[in-house]
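Heads up, the thing below is written out as structure tokens.
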Amino acid sequence: MSEPTAMESTKPTRLTKPTKLSGPAKTDRDTGTGKEPGTAAGASRGRRSPALVAGCVLVGLIVAIALVSLFWVPYAPDDTSGGRLVPPGLPHLLGTDKLGRDLLTQLMTGARIALEAGLGAIAIGAALGVCAGLAAGFATRWLDDTLSTLLDVLIAFPTLLLAMLMVAARSASLGTAVLAIGFAMTAVIARLTRILVKRVLALDYITAARTSGTSWPRVITGHVLPNIWPTLVVNLAQQFGLAVMAEASLSFLGLGAPPPNASWGRMLHEAQATVFTAPTGVVAPGVLLVMLVVGVNLIADGLRDTLDPTRRRTR
Amino acid sequence: MISYLLRRLAFLAGSLFLAGVVIFLLLRTLPGDPANSLLAVGASPEQIAAARHEIGSDRPLPEQFVTWLHQLATFDLGNSFISTLPVGPEITSRLDVTVPLTLLSFVLAVLIAVPVGFVAAHRSATWYGTLISGISQLGIAVPVFWIGMILITVFALQLGVLPAGGFPQDGWAEPGEALTSLALPVITVALVMSASLIRYVRSAALDVLGSDYLRTARALGSSFGRAMWRHGLRNGAVPVVSVLAIELATTLLGAVVVETVFALPGLGSMLAQAVAQHDYPTVQGVLFVSTFAVLVIGFLGDIAQRLIDPRLRGRLSGGAR
Amino acid sequence: MNEFEKSGPAVPGAKTADAKTSRTVAAGPAPGPAAPAATVLDVRGLTIRTDQGRALVSDLSFSIGAGSRLGLVGESGSGKSLTALAVLGLLPPGMTASGSVVLAAGADGPGAEVVGASEQRLTGLRGRAATIVFQEPLTALDPLMRIGGQVAGPLRRWRGLRGAALRRAVREALEQVRLPEPDRIIRAYPHEISGGQRQRVALAMALACEPALLIADEPTTALDVTVQSEVLALLDGLVAERHMALLFVSHDLAVVSAVTDHVVVLKDGSAVESGTVDEIVRRPRHPYTRDLVDSARHLESALERIVR
Amino acid sequence: MTNPIRPDSVPPNAARSGLTQSDSAGVPAAVDSPAGGVPVLSARDAGFAYRGSPPVLHGISLDITAGHSVGLVGESGAGKTTVLRLLLGLTRPTSGRILFDGTDLRLRDREQMRRFRRAVQSVFQDPYSSLDPRQRVGGIVSEPLRSLGLTRSRQDDPRVAAALEAVGLPADAAARYPHEFSGGQRQRIAIARATVCEPRILLADEPVSALDVTTRVRIVDLLIELKETRGLTIAMVSHDLSVVAALCERTAVLERGRIVEQGDTPAVLGTPTHPYTRRLITSVPRLPSAKEV
Amino acid sequence: GSGNDNKSTTPSGSYDKNATIGIGSLYEPQNLDNTGGGGQGVTEALNGNVYEGLFRLTDSGKVEKQLAEDYTVSPDGLTYTFKLRDGVTFHSGKKLTSADVKYSIEKVTAENSQSARKSSFDMIKSIATPDPATVAVTLSSKSISFVYNLSYVWVVNSEAKDLKTTEDGTGPYKLDKWTRGSALSLDRFPGYWGTPATNAKVVFHYYKDATALNNALLTNAVDVVTSEQSPDALDQFASNPAYKVNDGKSTTKLLLAFNDKVKPFDNVKVRKAVSSAIDNKKLLQSVWGDHGTLIGSMVPPTDPWYEDLTKINPYDVTLAKKQLAEAGYAKGFDFTLDTPNYDPHPTAATFIKSELAKVGINVKINIITPDEWYTKVYKNHDFGATLQEHVNDRDIVWYGDPDFYWGYDNKQVTEWVKQAEQSDTTDEQTALLKKVNNQIAEDAASDWLYLYPQIVVASTKLSGYPLNGLNSQFYAYAIKKS
Ligand SMILES: Nc1ncnc2c1ncn2[C@@H]1O[C@H](COP(=O)(O)OP(=O)(O)OP(=O)(O)O)[C@@H](O)[C@H]1O
Ligand SMILES: Nc1ncnc2c1ncn2[C@@H]1O[C@H](COP(=O)(O)OP(=O)(O)OP(=O)(O)O)[C@@H](O)[C@H]1O
Ligand SMILES: [Mg+2]
Ligand SMILES: [Mg+2]
């Protein structure tokens with residue numbers, strides 16, 4: 001009994017009802033050919049995506065800076081001996097701010113804050129969001145209707161609004177900002193999780209698992225989660241970028257990490273007044289911020305291509 | 001459709017009430033004494049007590065809630081703790097800035113994003129297709145305030161062609177002046193918004209471009225442009241519309257930053273200030289009005305989606321995706 | 001065109017067998033190098049490559065004369081659909097065709113080369129010179145547009161109809177494919193009608209173009225057997241009536257043999273055998289064809305034993 | 001166990017029930033259970049409606065007896081899949097009952113469900129969506145064993161290897177992922193999963209419809225082989241009458257949620273009484289006969 | 001009207017009598033009532049412009065008669081009799097009478113009054129209005145500051161209905177329009193009793209953000225900024241001939257306030273050591289560049305009892321270390337600095353932290369909201385040290401209150417402060433308060449980090465604007481635009 005090789009029949013002939021195959025199931029059907037019909041870009045992307053590499057380089061740089069700042073910074077963060085608004089050069093490579101603090105030092109600690117904010121928010125958002133999304137994904141009918149519409153409404157509420165409320169309650173700090181951003185993110189992640197869960201649950205292998213006598217908890221851990229995580233991870237990477245931006249915006253408004261911490265957003269705010277006299281203060285944190293966010297977005301895109309080659313670049 | 005509308009409206013009302021309760025409770029659980037902000041450092045405890053009594057923050061929660069609901073029913077959003085002036089009229093006057101700002105940005109963003117996103121999809125293999133994707137990628141990563149700062153520096157401070165901020169005191173009584181002062185903020189928001197919209201439009205366009213019905217239309221002799229016009233546009237709109245609704249709501253409420261940078265007397269800056277002052281009635285009022293706006297936008301988005309996509313009609317939840 | 005307007009209710013495809021035998025006599029050109037003057041489609045050395053250079057279809061040649069029917073058979077992934085798309089110049093982006101595909105542009109004018117033609121030129125050919133009915137009737141129709149509007153598209157384009165005349169033509173087109181309650185269906189959206197009905201709509205749209213060549217890419221695989229046989233019969237009748245050429249693509253030899261007289265068997269993108277239906281079915285020469293025929297017979301035999 | 005009663009042995013007319021029978025009042029008895037004794041799985045006057053929709057099944061009565069494979073035919077949307085879902089215990093009928101070994105199937109009764117799951121396994125139509133793409137084949141095939149507490153191991157259980165071998169897959173398949181296999185091979189994996197715990201009944205929803213003709217023949221052969229060597233009883237939904245004719249001793253014809261005709265396959269398909277059945281039979285496309293005219 | 005005492009802005013020859021003056025400010029009124037929570041902004045916009053008092057405080061800190069034509073004090077110092085100016089009408093057209101004055105004073109002292117000055121009128125026993133042009137106020141105890149305090153009392157029309165969104169004062173301008181969140185405009189009042197305003201209209205434009213305000217000035221959206229809060233931006237004005245940067249004297253002091261009742265700050269030596277360890281000059285320099293002044297005590301130069309006391313606790317790290325050692329903290333100590341979350345406090349806190357690190361004191365910065373500050377520090381005295389700006393003039397008297405939040409308790413000082421208020425002459429008062437001033441500096445009751453500059457940046461087209469803006473008032477009626 002010879003079967004056609006996997007290569008020959010990567011596409012099924014469907015003789016009956018059109019079965020709309022979605023996301024995760026489709027995923028590996030085409031890994032055989034490594035291609036996505038309909039998009040030339042998809043076809044040209046190999047297994048190691050250039051986006052992923054570029055993203056890793058950018059993010060890696062920021063992470064490296066943050067790590068180095070843990071052990072070494074050129075000056076103490078609150079060392080004000082530098083003199084007011086010294087232009088870039090030696091000994092202050094990027095110059096100083098109005099208090100005479102070294103800008104490079106602040107940028108380096110700022111990297112740490114940005115990463116902490118992103119990771120913290122993602123951790124909170126993912127923990128709450130995935131649980132809520134799973135719950136909604138398994139809920140039926142009106143409960144699901146209610147939950148999903150509720151999520152739709154919540155999603156429309158911007159992170160900043162929520163953060164402002166929480167800051168009003170708890171006073172500005174990195175923790176508050178991260179908490180607020182994390183909460184705001186929860187709805188987005190929950191909604192995505194819900195959709196992914198619904199999609200996976202509609203697939204036959206879930207029915208097969210159930211008729212094999214597999215219990216619901218094991219269906220979740222054994223089938224649902226492994227099949228949704230690639231898409232989820234891609235999205236979390238994107239959310240990470242948004243979280244970093246949100247923290248910067250909060251700090252810009254004075255609602256983020258309080259002053260001794262050199263958050264990039266706060267640095268930008270402080271440097272606003274000296275756009276002309278000391279432009280480094282505005283340019284440097286901005287560039288790093290953009291690098292980090294672009295970096296994680298590239299990683300997200302790259303991950304999508306490698307983990308999930310058939311999914312079109314949504315968003 | 002009618003029954004859907006009714007159910008959806010009922011849901012709208014329910015959400016609104018729920019949102020009201022949540023907003024109220026959220027605010028009351030915040031620590032910090034509103035009366036504190038009323039008084040300069042030299043106030044006596046008696047003065048504070050008197051102030052509290054006047055604003056009603058010394059009464060039990062349920063009583064305050066009922067009062068609030070009662071006020072809402074009569075379209076009264078109460079008086080500010082701080083200024084003791086009614087909240088409603090001020091919100092209305094702030095909306096004069098925020099609503100045009102949001103809508104204009106929104107329209108501009110859509111005008112930018114739809115053609116650009118389409119080109120990015122249609123020409124995804126070419127260098128400029130990639131370039132567009134790259135730029136939109138970058139656009140998403142640039143904070144609003146940075147763009148705002150740069151635009152101010154270039155157009156207001158260097159070139160001096162547009163005002164750096166502010167809004168005419170007489171508002172829309174001088175439409176020309178009002179529009180000029182909104183120019184930079186609108187461009188700022190539109191740039192940021194279109195950066196992310198382009199990605200949605202691009203992916204919707206990619207779906208359309210790869211679709212069977214488009215191929216069928218072309219096989220039947222439609223030119224590509226015609227097929228896109230007749231079939232592509234509407235099909236591409238389905239996923240984009242749901243995103244648009246969210247973007248619109250986000251911009252409406254997320255105007256704080258841009259209003260700060262451009263010194264606009266909008267709802268966002270009003271809220272920011274009220275939050276800082278623990279001015280509950282104001283925060284409450286702004287939040288409530290915002291929630292209402294968000295729900296209505298969502299409602300309209302849903303209706304729009306259902307008008308476009310007959311497959312969704314009759315389904316209460318679930319957008320395009 | 002006159003013929004189209006005159007034709008009343010078409011002959012139902014009940015008498016398939018009769019129609020076929022008569023057609024076989026009027027045999028079109030056999031797939032081979034020499035194509036007679038009335039050739040509607042002439043494919044020479046067609047090769048389709050991905051942008052990485054992998055050949056999905058290689059060196060395929062066949063031709064179809066006016067009024068004749070050719071079946072393209074092969075298992076899933078053998079390149080049938082790509083071939084059909086290449087004929088219309090509708091290959092997915094990134095894929096390139098080489099060789100030559102010539103479609104008869106007018107009644108007897110010189111053929112038009114499809115490979116390498118400009119998009120504008122192709123748009124002029126598609127619909128009139130050749131058109132296609134796809135396998136998946138749900139996705140082939142615009143989900144957001146009423147059936148009436150979709151059928152009206154080609155009618156307006158090809159026959160220049162407007163207003164009331166157009167509405168009448170739409171209704172007629174739907175009646176032609178024997179759709180029940182045409183008035184309801186005109187107002188319906190694709191998701192509101194059944195698969196068989198959708199496929200009839202797709203057929204009506206293709207026929208509205210009055211093409212010289214109709215390509216049917218597995219038009220019935222998504223359908224129930226009962227519906228399948230109805231649609232096949234309909235297709236058979238309508239094509240005969242209009243004296244169209246037909247390129248019928250399917251993996252199912254039995255289905256192909258029901259509507260065509262000549263068959264090209266495709267394996268891994270190249271033709272392994274071609275000939276009349278009878279030759280292929282009764283005396284398959286290539287082992288692959290033999291396997292195909294044997295399998296079909298094997299399955300049929302169980303039913304044969306019972307039904308006879 | 002391995003002695004299926006030849007369907008031919010039952011006289012055609014005696015073994016048919018008509019449309020009227022299932023319409024009769026009261027709980028219809030299992031229709032002419034063949035000499036096999038108690039049915040393993042049966043539906044008694046079962047009706048079903050999806051929530052918020054009108055009923056899609058009406059008074060379905062069907063018996064699956066050991067050794068008598070059943071084919072369920074009918075047009076798209078007739079309710080075939082839904083019947084199967086009821087028989088699989090995935091949903092409760094809105095009226096009527098589902099019996100397993102003569103007792104009511106209670107979805108909450110863990111003990112009974114364990115026995116039920118062990119005895120009744122399933123295969124689905126789409127070979128692509130029915131295998132978890134992120135599990136190795138060994139994990140997929142051993143899942144019933146693990147879920148039913150028959151093994152802890154993911155791949156090493158000898159039963160997994162045996163099941164894979166029985167469906168004609170190489171032993172090293174266990175370590176690979178589904179996407180490395182073709183549609184036909186995937187369907188074999190699905191069958192291996194369904195047979196690994198040696199069930200008595202295999203419920204299959206269009207198990208070969210998605211496959212090429214050549215592949216289809218091989219899978220049908222495999223199923224016949226399993227019937228004969230393992231005494232497996234198959235209840236199968238298919239719109240392909242040839243497959244039903246080849247595999248099933250008995251046939252039930254479903255039209256718009258009602259069984260309009262059921263009985264031994266040769267009887268039902270050979271001398272159909274219901275017009276729908278007749279139409280079904282004449283619709284099957286045939287090759288021109290092998291002999292030259 | 002009352003004379004123009006804005007000496008430092010040179011009046012240019014010709015000016016536009018019908019000019020509109022755009023004034024940029026960060027302080028928007030909450031409402032238009034200064035006894036009803038109008039805030040700093042309402043004083044800035046309306047004080048002296050729309051509303052007038054019996055007396056007025058000039059830009060240099062002098063008290064002058066305004067609506068009071070004359071007044072007498074009884075020999076016991078307890079009864080003040082004011083004679084009102086004739087021919088004064090409110091913007092509504094009503095004539096000013098003594099009833100309005102009585103009403104206005106009572107409005108400040110009313111139970112629901114939110115006026116910060118309320119307590120300074122506690123000693124009023126009764127107010128009599130013997131005739132429409134005479135008001136007699138009887139006090140229960142002597143108060144040398146009474147007349148000064150009256151300069152804060154706006155005389156309003158006793159019959160006015162809504163003083164929160166409209167006004168009815170006697171000043172040279174009447175309210176044109178108040179657009180909340182955006183601007184407040186005033187029109188010249190034609191029926192003004194005194195010299196009419198030198199411009200037709202002033203518009204206060206309100207900004208939330210100093211940078212936005214500066215941009216407005218740079219793009220000519222406003223002509224003058226009342227109080228520049230972003231010194232970093234000053235360079236761009238200083239170097240631009242189209243603008244003039246004016247350095248005035250404010251009354252706002254930035255304090256490092258110790259809790260003088262708790263360890264280790266109950267020890268004078270520790271307080272002095274901390275004061276000496278911080279280089280106030282450098283701090284001022286980094287926050288304000290070349291602007292602002294060091295005063296070394298609580299008294300700003302516009303108060304009559306001002307003395308330069310910066311020498312008492314000079315910046316001297318060795319001295320600081322010595323004093324610390326004497327106090328028993330040779331190795332330094334740790335303390336938490338409660339810091340309000342808005343500028344310049346966090347900046348100053350960072351600076352202080354790095355300065356004190358040099359003498360071994362480890363500062364933990366605790367950022368808190370104004371609310372928290374009010375509850376934790378001001379009300380509950382639950383703190384070690386805090387940063388706070390004190391904006392009012394003549395507020396040295398708080399050191400005479402042992403229950404005030406900083407807990408400074410010196411019997412002698414308390415007595416002096418009390419006596420000063422009871423003095424018969426201002427000289428007497430001044431002498432006493434100077435003693436107080438010296439004493440608190442000797443005790444380093446707090447560390448007075450610096451006195452804010454009052455920087456008015458204006459287009460060079462403008463003249464006649466006030467420079468010191470005492471208590472945030474901004475007299476606009478003498479501004480001329482060429
Ligand atoms: N857009 C595409 N990009 C890359 N490869 C493709 C694309 N479309 C089809 N292919 C490959 O080309 C080969 C031929 O595909 P084609 O669709 O022509 O097969 P087919 O004979 O029509 O099969 P089926 O019976 O399943 O429709 C297959 O191997 C398929 O995987
Ligand atoms: N989840 C569902 N909710 C509501 N209606 C459903 C659902 N699933 C199926 N139906 C309806 O129930 C009827 C029977 O469906 P079922 O899937 O059982 O038919 P089938 O005979 O298996 O068809 P096919 O041959 O196309 O698979 C159909 O009319 C279908 O539209
Ligand atoms: Mg195909
Ligand atoms: Mg089914």
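Chain identifiers are assigned as A, B, and so on, following the order in which chains appear in the structure tokens; residues are numbered from 1 within each chain, and ligands are numbered from 1 in order of appearance.
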Restrict the distance test to only C-alpha atoms, flag each residue of chain E within 6 Å of chain B, and return the flagged residues as a tab-separated table (two decimals) with N, CA, C and O atoms, in the first residue's frame.
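Result file follows (out-v2.tsv):
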chain	number	residue	atom	x	y	z
E	30	GLN	N	-10.62	78.43	39.23
E	30	GLN	CA	-11.60	77.34	39.33
E	30	GLN	C	-12.99	77.90	39.15
E	30	GLN	O	-13.83	77.33	38.49
E	31	ASN	N	-13.23	79.03	39.85
E	31	ASN	CA	-14.42	79.81	39.61
E	31	ASN	C	-14.03	81.25	39.90
E	31	ASN	O	-12.87	81.54	40.16
E	116	ALA	N	-8.51	81.70	52.21
E	116	ALA	CA	-7.33	81.37	52.99
E	116	ALA	C	-7.09	82.43	54.07
E	116	ALA	O	-6.36	82.20	55.02
E	181	GLY	N	-11.17	76.39	30.91
E	181	GLY	CA	-10.14	75.55	30.32
E	181	GLY	C	-9.34	76.27	29.27
E	181	GLY	O	-8.36	75.75	28.76
E	182	SER	N	-9.76	77.48	28.93
E	182	SER	CA	-9.11	78.09	27.80
E	182	SER	C	-8.71	79.54	28.05
E	182	SER	O	-7.54	79.88	28.05
E	183	ALA	N	-9.67	80.41	28.29
E	183	ALA	CA	-9.30	81.82	28.38
E	183	ALA	C	-10.33	82.61	29.18
E	183	ALA	O	-11.47	82.18	29.36
E	207	TYR	N	-2.79	77.77	30.23
E	207	TYR	CA	-2.06	76.60	29.75
E	207	TYR	C	-1.81	75.68	30.92
E	207	TYR	O	-1.67	76.12	32.06
E	371	ASP	N	-2.64	65.50	48.05
E	371	ASP	CA	-3.61	64.98	49.02
E	371	ASP	C	-2.95	64.29	50.19
E	371	ASP	O	-3.25	64.53	51.35
> Taking only C-alpha atoms and all ligand atoms into account, which residues are within 9 Å of ligand 3, as a list in words?
Replying inline: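 For ligand 3, the residues inside 9 Å are Lys11 and Thr13 of chain A; Ser76, Gly77, Ser78, Gly79, Lys80, Ser81, Leu82, Ala84, Phe134, Gln135, Asp217, Glu218, Val249, Ser250 and His251 of chain C.
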> Mind listing as a PyMOL selection string which residues of chain C are within 9 Å of chain B, counting only C-alpha atoms?
Replying inline: chain C and resi 85+88-90+92+94+119-120+122-128+130-134+136+138-145+150+153-154+157-158+189+191-192+202+205-206+208-209
Please produce a file of the residues just selected, as a CSV table (one decimal), in the first residue's frame, where the atoms kept are N, CA and C atoms.
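Result file follows (part17.csv):
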chain,number,residue,atom,x,y,z
C,85,LEU,N,-5.9,28.2,-14.0
C,85,LEU,CA,-5.7,29.6,-13.7
C,85,LEU,C,-4.7,30.2,-14.7
C,88,LEU,N,-6.2,31.6,-17.8
C,88,LEU,CA,-6.8,32.9,-17.7
C,88,LEU,C,-5.8,34.0,-17.3
C,89,GLY,N,-4.6,33.6,-17.1
C,89,GLY,CA,-3.6,34.6,-16.6
C,89,GLY,C,-3.9,35.0,-15.2
C,90,LEU,N,-4.4,34.1,-14.4
C,90,LEU,CA,-4.8,34.5,-13.0
C,90,LEU,C,-4.0,33.8,-12.0
C,92,PRO,N,-1.6,32.9,-8.9
C,92,PRO,CA,-1.4,33.7,-7.7
C,92,PRO,C,0.0,34.5,-7.9
C,94,GLY,N,3.6,35.8,-7.6
C,94,GLY,CA,4.8,35.1,-7.3
C,94,GLY,C,5.0,33.9,-8.2
C,119,GLU,N,-2.0,43.1,-18.3
C,119,GLU,CA,-3.2,42.9,-17.5
C,119,GLU,C,-4.4,43.4,-18.3
C,120,GLN,N,-4.2,44.5,-19.0
C,120,GLN,CA,-5.3,45.1,-19.8
C,120,GLN,C,-5.8,44.1,-20.9
C,122,LEU,N,-5.4,41.0,-20.9
C,122,LEU,CA,-6.0,39.8,-20.3
C,122,LEU,C,-7.5,40.1,-19.9
C,123,THR,N,-7.7,41.3,-19.3
C,123,THR,CA,-9.0,41.7,-18.9
C,123,THR,C,-10.0,41.6,-20.1
C,124,GLY,N,-9.4,42.0,-21.3
C,124,GLY,CA,-10.2,41.9,-22.5
C,124,GLY,C,-10.6,40.4,-22.9
C,125,LEU,N,-9.7,39.5,-22.5
C,125,LEU,CA,-9.9,38.1,-22.9
C,125,LEU,C,-10.8,37.4,-21.9
C,126,ARG,N,-10.5,37.7,-20.7
C,126,ARG,CA,-11.3,36.9,-19.7
C,126,ARG,C,-12.8,37.2,-19.8
C,127,GLY,N,-13.5,36.2,-19.6
C,127,GLY,CA,-15.0,36.3,-19.7
C,127,GLY,C,-15.4,36.0,-21.1
C,128,ARG,N,-14.9,36.7,-22.1
C,128,ARG,CA,-15.4,36.4,-23.5
C,128,ARG,C,-14.7,35.2,-24.1
C,130,ALA,N,-12.6,33.1,-22.5
C,130,ALA,CA,-12.7,31.9,-21.6
C,130,ALA,C,-13.1,32.4,-20.2
C,131,THR,N,-13.8,31.6,-19.5
C,131,THR,CA,-14.1,31.9,-18.1
C,131,THR,C,-14.1,30.7,-17.3
C,132,ILE,N,-14.3,30.8,-16.0
C,132,ILE,CA,-14.1,29.7,-15.1
C,132,ILE,C,-15.1,29.6,-14.0
C,133,VAL,N,-15.5,28.4,-13.7
C,133,VAL,CA,-16.3,28.2,-12.5
C,133,VAL,C,-15.5,27.4,-11.5
C,134,PHE,N,-15.4,28.0,-10.2
C,134,PHE,CA,-14.5,27.4,-9.3
C,134,PHE,C,-15.1,26.3,-8.4
C,136,GLU,N,-15.1,26.0,-5.1
C,136,GLU,CA,-15.7,26.4,-3.8
C,136,GLU,C,-16.8,27.4,-4.0
C,138,LEU,N,-19.0,28.8,-2.1
C,138,LEU,CA,-19.2,29.8,-1.1
C,138,LEU,C,-18.2,30.9,-1.2
C,139,THR,N,-17.0,30.6,-1.4
C,139,THR,CA,-16.0,31.7,-1.4
C,139,THR,C,-15.8,32.3,-2.8
C,140,ALA,N,-16.4,31.7,-3.8
C,140,ALA,CA,-16.2,32.3,-5.1
C,140,ALA,C,-17.2,33.4,-5.3
C,141,LEU,N,-18.2,33.4,-4.5
C,141,LEU,CA,-19.2,34.5,-4.6
C,141,LEU,C,-18.9,35.6,-3.5
C,142,ASP,N,-19.1,36.8,-3.9
C,142,ASP,CA,-18.9,37.9,-2.9
C,142,ASP,C,-19.9,37.8,-1.8
C,143,PRO,N,-19.4,37.5,-0.5
C,143,PRO,CA,-20.4,37.3,0.5
C,143,PRO,C,-21.2,38.5,0.9
C,144,LEU,N,-20.8,39.6,0.5
C,144,LEU,CA,-21.5,40.8,0.9
C,144,LEU,C,-22.5,41.4,-0.1
C,145,MET,N,-22.6,40.7,-1.3
C,145,MET,CA,-23.4,41.3,-2.3
C,145,MET,C,-24.5,40.3,-2.7
C,150,GLN,N,-24.5,40.3,-8.3
C,150,GLN,CA,-23.4,39.6,-8.8
C,150,GLN,C,-23.6,39.1,-10.2
C,153,GLY,N,-23.4,41.8,-12.9
C,153,GLY,CA,-22.1,42.3,-13.2
C,153,GLY,C,-21.7,41.9,-14.7
C,154,PRO,N,-21.5,40.6,-14.9
C,154,PRO,CA,-21.1,40.2,-16.3
C,154,PRO,C,-22.1,40.6,-17.4
C,157,ARG,N,-21.6,44.1,-18.2
C,157,ARG,CA,-20.4,44.3,-18.9
C,157,ARG,C,-20.4,43.7,-20.3
C,158,TRP,N,-20.9,42.5,-20.5
C,158,TRP,CA,-20.8,41.8,-21.8
C,158,TRP,C,-21.9,42.1,-22.7
C,189,TYR,N,-28.4,36.7,-0.2
C,189,TYR,CA,-27.0,36.7,-0.1
C,189,TYR,C,-26.4,35.3,-0.2
C,191,HIS,N,-24.7,33.4,1.6
C,191,HIS,CA,-24.8,32.4,2.7
C,191,HIS,C,-26.2,32.0,2.9
C,192,GLU,N,-27.1,32.6,2.2
C,192,GLU,CA,-28.5,32.3,2.5
C,192,GLU,C,-29.1,31.2,1.5
C,202,ALA,N,-22.9,30.5,-9.8
C,202,ALA,CA,-21.6,30.7,-10.4
C,202,ALA,C,-21.6,30.3,-11.8
C,205,MET,N,-23.4,33.0,-13.8
C,205,MET,CA,-22.5,34.1,-14.0
C,205,MET,C,-21.5,33.8,-15.2
C,206,ALA,N,-21.0,32.6,-15.2
C,206,ALA,CA,-20.0,32.3,-16.2
C,206,ALA,C,-20.7,32.3,-17.6
C,208,ALA,N,-23.2,33.9,-18.5
C,208,ALA,CA,-23.6,35.2,-18.9
C,208,ALA,C,-22.6,35.9,-19.7
C,209,CYS,N,-21.4,35.5,-19.6
C,209,CYS,CA,-20.3,36.1,-20.4
C,209,CYS,C,-20.3,35.5,-21.8
> Counting only C-alpha atoms and all ligand atoms, what residues are within 6 Å of ligand 2, given as a PyMOL selection string?
Replying inline: (chain A and resi 17) or (chain D and resi 50+56+75-82)
Write the residues of the preceding selection, restricted to C-alpha atoms, as a tab-separated table (two decimals), in the first residue's frame.
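The new file out-v3.tsv reads:
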chain	number	residue	atom	x	y	z
A	17	LYS	CA	-19.16	20.80	3.05
D	50	TYR	CA	-29.53	23.21	18.44
D	56	VAL	CA	-32.95	19.15	13.21
D	75	GLU	CA	-27.95	14.76	1.72
D	76	SER	CA	-25.98	17.59	3.21
D	77	GLY	CA	-27.67	19.08	6.23
D	78	ALA	CA	-29.91	16.08	6.75
D	79	GLY	CA	-28.54	15.65	10.27
D	80	LYS	CA	-26.10	12.82	9.86
D	81	THR	CA	-23.35	14.45	11.86
D	82	THR	CA	-25.81	15.38	14.54
> Of the residues D:Ala235, D:Val268, D:Leu211, D:Leu99, which is the one nearest to ligand 1, using only C-alpha atoms and all ligand atoms?
Replying inline: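 Among the listed residues, D:Leu211 lies closest to ligand 1.
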>> When you look at Val130 in chain A with a cut-off of 12 Å (counting only C-alpha atoms), what residues show up, excluding the ones that are within fewer than 5 positions of it in the same chain? I need them as a list in words.
In response: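 Close residues of Val130 in chain A: Ile122, Ala123, Ile124, Gly125, Ala135, Ala136, Gly137, Met185, Thr186, Ala187, Val188, Ile189, Ala190, Arg191, Leu192, Thr193, Arg194, Ile195, Leu196, Val197, Ile220, Val224, Leu225, Ile228, Trp229, Leu232, Val233, Asn235 and Leu236 of chain A.
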>> Under the rule that only C-alpha atoms are counted, which of D:Ala252, D:Ala49, D:Val73, D:Leu90 is the nearest residue to chain C?
In response: D:Val73
